[in-house]
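Coordinates from target24.txt are shown below (compact mmCIF, C-alpha atoms).
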# COMPACT_ATOMS: atom_id res chain seq x y z
CA GLN A 3 -14.74 10.90 8.59
CA LYS A 4 -11.89 8.84 7.22
CA GLU A 5 -12.03 8.12 3.50
CA VAL A 6 -11.58 4.37 3.96
CA GLU A 7 -12.52 2.83 7.29
CA GLN A 8 -11.74 -0.58 8.66
CA ASN A 9 -12.12 -2.11 12.08
CA SER A 10 -8.58 -2.37 13.43
CA GLY A 11 -9.30 -5.67 15.17
CA PRO A 12 -7.79 -7.92 16.11
CA LEU A 13 -10.25 -10.34 14.58
CA SER A 14 -9.69 -13.81 15.94
CA VAL A 15 -11.13 -16.90 14.25
CA PRO A 16 -10.46 -20.62 14.72
CA GLU A 17 -8.72 -22.61 12.03
CA GLY A 18 -11.16 -23.77 9.36
CA ALA A 19 -13.69 -20.99 10.02
CA ILE A 20 -14.70 -18.17 7.70
CA ALA A 21 -13.03 -14.82 8.39
CA SER A 22 -15.04 -11.77 7.35
CA LEU A 23 -13.26 -8.46 6.92
CA ASN A 24 -15.18 -5.28 6.20
CA CYS A 25 -14.40 -1.87 4.78
CA THR A 26 -16.45 1.25 4.11
CA TYR A 27 -15.49 4.19 1.92
CA SER A 28 -16.77 7.73 1.63
CA ASP A 29 -16.22 8.72 -2.02
CA ARG A 30 -19.07 7.62 -4.26
CA GLY A 31 -16.81 8.20 -7.29
CA SER A 32 -14.63 5.27 -6.30
CA GLN A 33 -14.40 2.66 -9.02
CA SER A 34 -11.65 0.21 -8.09
CA PHE A 35 -11.34 -1.73 -4.85
CA PHE A 36 -8.46 -3.80 -3.57
CA TRP A 37 -7.47 -6.03 -0.69
CA TYR A 38 -3.86 -6.32 0.37
CA ARG A 39 -2.37 -8.77 2.87
CA GLN A 40 0.57 -7.61 4.96
CA TYR A 41 2.57 -9.94 7.16
CA SER A 42 4.44 -8.41 10.07
CA GLY A 43 7.61 -6.69 8.88
CA LYS A 44 6.76 -7.24 5.20
CA SER A 45 5.24 -5.06 2.49
CA PRO A 46 1.58 -5.23 1.38
CA GLU A 47 0.75 -7.88 -1.21
CA LEU A 48 -2.21 -7.48 -3.57
CA ILE A 49 -4.52 -10.48 -3.14
CA MET A 50 -7.89 -9.40 -4.56
CA PHE A 51 -9.40 -6.65 -6.67
CA ILE A 52 -13.01 -5.97 -7.64
CA TYR A 53 -14.58 -3.36 -9.88
CA SER A 54 -18.24 -4.37 -10.18
CA ASN A 55 -21.03 -4.89 -7.67
CA GLY A 56 -21.38 -8.44 -6.45
CA ASP A 57 -18.97 -11.20 -5.54
CA LYS A 58 -15.63 -12.19 -6.97
CA GLU A 59 -14.06 -15.46 -5.94
CA ASP A 60 -10.43 -16.54 -6.14
CA GLY A 61 -9.60 -19.77 -4.34
CA ARG A 62 -10.44 -19.38 -0.66
CA PHE A 63 -10.94 -15.63 -1.03
CA THR A 64 -14.16 -13.85 -1.98
CA ALA A 65 -14.40 -10.09 -2.40
CA GLN A 66 -17.84 -8.52 -2.15
CA LEU A 67 -18.73 -5.04 -3.35
CA ASN A 68 -21.86 -3.01 -2.71
CA LYS A 69 -21.49 0.47 -4.23
CA ALA A 70 -24.92 1.64 -3.10
CA SER A 71 -23.97 1.01 0.52
CA GLN A 72 -20.33 1.95 -0.05
CA TYR A 73 -18.81 -1.13 1.46
CA VAL A 74 -16.46 -3.82 0.34
CA SER A 75 -15.67 -7.01 2.20
CA LEU A 76 -13.26 -9.91 2.05
CA LEU A 77 -14.22 -13.43 3.07
CA ILE A 78 -11.56 -16.02 3.74
CA ARG A 79 -12.92 -19.56 3.78
CA ASP A 80 -11.22 -22.42 5.59
CA SER A 81 -8.96 -19.98 7.43
CA GLN A 82 -5.43 -21.17 8.10
CA PRO A 83 -2.87 -19.95 10.65
CA SER A 84 -0.84 -18.72 7.66
CA ASP A 85 -3.67 -16.26 6.92
CA SER A 86 -2.80 -14.40 10.14
CA ALA A 87 -1.80 -10.95 8.92
CA THR A 88 -3.07 -7.40 8.57
CA TYR A 89 -5.49 -6.88 5.70
CA LEU A 90 -5.61 -3.48 4.04
CA CYS A 91 -8.59 -2.26 2.07
CA ALA A 92 -7.77 0.21 -0.73
CA VAL A 93 -9.98 2.32 -2.96
CA LYS A 94 -9.24 4.28 -6.13
CA GLN A 95 -11.31 6.77 -8.10
CA ASP A 96 -11.54 6.24 -11.83
CA GLY A 97 -8.90 8.51 -13.37
CA GLY A 98 -7.57 9.67 -10.01
CA PHE A 99 -3.92 9.41 -9.04
CA LYS A 100 -4.21 8.35 -5.46
CA THR A 101 -5.14 4.98 -4.07
CA ILE A 102 -6.59 5.50 -0.60
CA PHE A 103 -5.72 2.87 1.98
CA GLY A 104 -7.51 1.94 5.15
CA ALA A 105 -5.54 1.45 8.34
CA GLY A 106 -5.98 -2.32 8.16
CA THR A 107 -7.59 -5.12 10.17
CA ARG A 108 -5.40 -7.55 12.07
CA LEU A 109 -6.53 -11.14 11.66
CA PHE A 110 -5.47 -14.01 13.93
CA VAL A 111 -6.30 -17.56 12.95
CA LYS A 112 -5.97 -19.88 15.94
CA ALA A 113 -4.76 -23.43 15.31
CA ASP B 8 4.94 -10.96 -12.52
CA VAL B 9 5.37 -7.33 -11.56
CA LYS B 10 8.63 -6.71 -9.83
CA VAL B 11 9.35 -3.68 -7.68
CA THR B 12 12.73 -3.60 -6.01
CA GLN B 13 14.18 -1.26 -3.41
CA SER B 14 17.85 -0.61 -2.95
CA SER B 15 18.11 -1.62 0.72
CA ARG B 16 16.04 -3.66 3.16
CA TYR B 17 17.63 -2.10 6.23
CA LEU B 18 19.47 1.19 6.57
CA VAL B 19 20.96 3.01 9.55
CA LYS B 20 21.90 6.67 9.15
CA ARG B 21 22.96 9.50 11.41
CA THR B 22 21.01 12.67 12.03
CA GLY B 23 21.79 15.28 9.39
CA GLU B 24 22.94 12.84 6.73
CA LYS B 25 21.51 12.96 3.22
CA VAL B 26 19.77 9.68 2.47
CA PHE B 27 18.85 8.20 -0.91
CA LEU B 28 16.27 5.44 -1.23
CA GLU B 29 15.93 3.96 -4.69
CA CYS B 30 13.09 2.05 -6.27
CA VAL B 31 13.03 0.25 -9.62
CA GLN B 32 10.09 -1.36 -11.42
CA ASP B 33 10.28 -3.57 -14.47
CA MET B 34 6.73 -3.26 -15.85
CA ASP B 35 6.93 0.06 -17.70
CA HIS B 36 4.44 1.61 -15.27
CA GLU B 37 3.91 5.35 -15.47
CA ASN B 38 2.81 5.87 -11.86
CA MET B 39 5.13 5.38 -8.93
CA PHE B 40 4.70 6.22 -5.26
CA TRP B 41 6.61 6.58 -2.01
CA TYR B 42 4.90 5.86 1.31
CA ARG B 43 5.99 5.59 4.87
CA GLN B 44 4.30 3.26 7.30
CA ASP B 45 4.35 3.70 11.05
CA PRO B 46 2.52 1.73 13.75
CA GLY B 47 -0.93 3.16 14.35
CA LEU B 48 -0.65 5.64 11.48
CA GLY B 49 -1.04 3.33 8.50
CA LEU B 50 0.32 4.10 5.06
CA ARG B 51 1.01 7.77 4.39
CA LEU B 52 1.79 9.06 0.91
CA ILE B 53 4.96 11.14 0.68
CA TYR B 54 5.27 11.81 -3.06
CA PHE B 55 4.11 10.32 -6.31
CA SER B 56 5.10 10.58 -9.95
CA TYR B 57 2.89 10.07 -12.97
CA ASP B 58 5.61 10.34 -15.60
CA VAL B 59 9.33 10.91 -16.07
CA LYS B 60 10.39 14.16 -14.42
CA MET B 61 6.83 14.71 -13.16
CA LYS B 62 6.16 14.64 -9.43
CA GLU B 63 3.43 15.63 -7.03
CA LYS B 64 3.43 16.09 -3.28
CA GLY B 65 1.50 13.59 -1.26
CA ASP B 66 0.17 14.04 2.24
CA ILE B 67 3.47 14.37 4.13
CA PRO B 68 6.17 15.75 1.78
CA GLU B 69 8.01 17.89 4.34
CA GLY B 70 11.65 16.89 4.72
CA TYR B 71 11.63 14.79 1.55
CA SER B 72 12.25 15.25 -2.15
CA VAL B 73 12.09 12.88 -5.10
CA SER B 74 13.67 12.32 -8.47
CA ARG B 75 12.43 10.50 -11.52
CA GLU B 76 14.92 10.75 -14.35
CA LYS B 77 13.97 7.41 -15.94
CA LYS B 78 10.61 5.74 -16.14
CA GLU B 79 11.66 2.66 -14.21
CA ARG B 80 13.38 4.44 -11.33
CA PHE B 81 11.91 6.64 -8.59
CA SER B 82 14.19 7.91 -5.84
CA LEU B 83 13.28 9.33 -2.44
CA ILE B 84 15.73 11.76 -0.86
CA LEU B 85 15.91 12.78 2.76
CA GLU B 86 17.82 16.05 2.56
CA SER B 87 18.86 16.05 6.22
CA ALA B 88 17.74 12.96 8.07
CA SER B 89 16.07 13.39 11.43
CA THR B 90 15.07 10.87 14.09
CA ASN B 91 11.38 11.38 13.32
CA GLN B 92 12.05 9.98 9.85
CA THR B 93 12.79 6.57 11.32
CA SER B 94 10.19 4.42 9.59
CA MET B 95 9.40 1.73 7.04
CA TYR B 96 9.54 3.23 3.55
CA LEU B 97 7.53 1.55 0.84
CA CYS B 98 7.77 2.18 -2.88
CA ALA B 99 4.87 1.23 -5.15
CA SER B 100 4.28 1.07 -8.86
CA ARG B 101 0.92 1.14 -10.59
CA GLY B 102 -0.20 -0.16 -13.94
CA GLY B 103 -3.83 0.55 -14.77
CA SER B 104 -5.52 0.54 -11.39
CA LYS B 105 -3.47 -2.17 -9.66
CA GLN B 106 -0.72 -1.00 -7.35
CA TYR B 107 2.23 -3.20 -6.36
CA PHE B 108 4.65 -2.63 -3.53
CA GLY B 109 8.36 -3.19 -3.21
CA PRO B 110 9.76 -5.10 -0.21
CA GLY B 111 10.29 -1.93 1.84
CA THR B 112 13.28 -0.25 3.46
CA ARG B 113 13.40 -0.03 7.22
CA LEU B 114 15.31 3.17 7.93
CA THR B 115 16.65 4.00 11.36
CA VAL B 116 18.03 7.48 12.00
CA THR B 117 20.17 7.76 15.12
As structure tokens - that is how I would like this structure written.
Amino acid sequence: QKEVEQNSGPLSVPEGAIASLNCTYSDRGSQSFFWYRQYSGKSPELIMFIYSNGDKEDGRFTAQLNKASQYVSLLIRDSQPSDSATYLCAVKQDGGFKTIFGAGTRLFVKA
Amino acid sequence: DVKVTQSSRYLVKRTGEKVFLECVQDMDHENMFWYRQDPGLGLRLIYFSYDVKMKEKGDIPEGYSVSREKKERFSLILESASTNQTSMYLCASRGGSKQYFGPGTRLTVT
């Protein structure tokens, strides 16, 4: 079992819709959770982080964390073609050195 | 804003050459990382450093070495480049729990 799992996609949504990206992790000691956006040929960019159970909103992005079920999700409201990218989920244990990355979900937003 | 810079965006080297990739961060972060990213394989950790002159092997250290003589600079060295080291190399720096990436170096070994 991979430590951080994501559906590779592609996930295709129409412009203006809500895109829902999901991630599960295996280590119950994980404390910090991140979402990165990576455009083709570019490096990953940190867009959201969440540490506590529940929802965290930042503009059109909402991160959701459920530690009991060991999943974290990213919702993108009012999706735009410019949101088309690969989204990486990342998980870190408290005090650990490594941040574990998922393989990413490709998102296409159709105009 | 955190800034992580890498010495080259694109690099072409010949098989057997010694290759240096440099990374500099300006946020006084203690932790720095080198990854490579290949299609279908995701991000793979090569080496990381948690302090000056301190380094630890990641998941795929073979064929690579690193140097961290100053806190802001973390260098990746390919002792004798091979074609299977053609890849995108990403440096990252971490403060607290948040990790930030440099722009990447696309290395081609011919």
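As for CA of Pro110 in chain B and CA of Glu7 in chain A, they are spaced 24.8 Å apart.
For the pair CA of Tyr53 in chain A and CA of Leu67 in chain A, the separation is 7.9 Å.
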Item to check | Near-range 90-100 of chain A list (7 Å; only C-alpha atoms; drop same-chain fewer than 3 positions) as a PyMOL selection string | outcome: chain A and resi 25+31-39+103-107
Next on the checklist: Counting only C-alpha atoms, which residue out of B:Ile67, B:Val116, B:Val19, B:Val31 sits closest to Ser89 in chain B?
Outcome noted: B:Val116
Checklist entry - Please, which residues of chain B lie no more than 9 Å from chain A when the count uses all atoms listed in the file, and can they be set out as a list in words? => result Asn38, Gly47, Leu48, Gly49, Leu50, Arg51, Leu52, Phe55, Tyr57, Gly65, Met95, Leu97, Ser104, Lys105, Gln106, Tyr107, Phe108, Gly109, Pro110, Gly111 and Arg113 of chain B
Next on the checklist: I want to know what sits within 10 Å of range 22-25 of chain B, based on only C-alpha atoms, with residues of the same chain fewer than 3 positions away left out; could you give that as a ChimeraX atom specification?
Outcome noted: /B:19,84-92,115-117
Next on the checklist: Would you pick out the contacts of range 75-80 of chain A at 8 Å or less, using all atoms listed in the file, so that residues sharing its chain but fewer than 2 positions from it are not included, and give the list as a PyMOL selection string?
Outcome noted: chain A and resi 17-25+37+62-67+73+82
Checklist entry - In terms of the shortest atom-to-atom distance over all atoms listed in the file, which of B:Arg21, B:Lys10, B:Arg16, B:Lys60 is closest to Asp35 in chain B? => result B:Lys10
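CA of Val59 in chain B to CA of Arg75 in chain B spans 5.5 Å [interatomic distance, one decimal].
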Extending 8 Å beyond the listed atoms of range 66-85 of chain A on each side, what axis-aligned box results? I want centre and edge lengths in Å to one decimal, as AutoDock Vina command-line options.
--center_x -12.9 --center_y -10.2 --center_z 3.2 --size_x 40.1 --size_y 40.4 --size_z 30.9
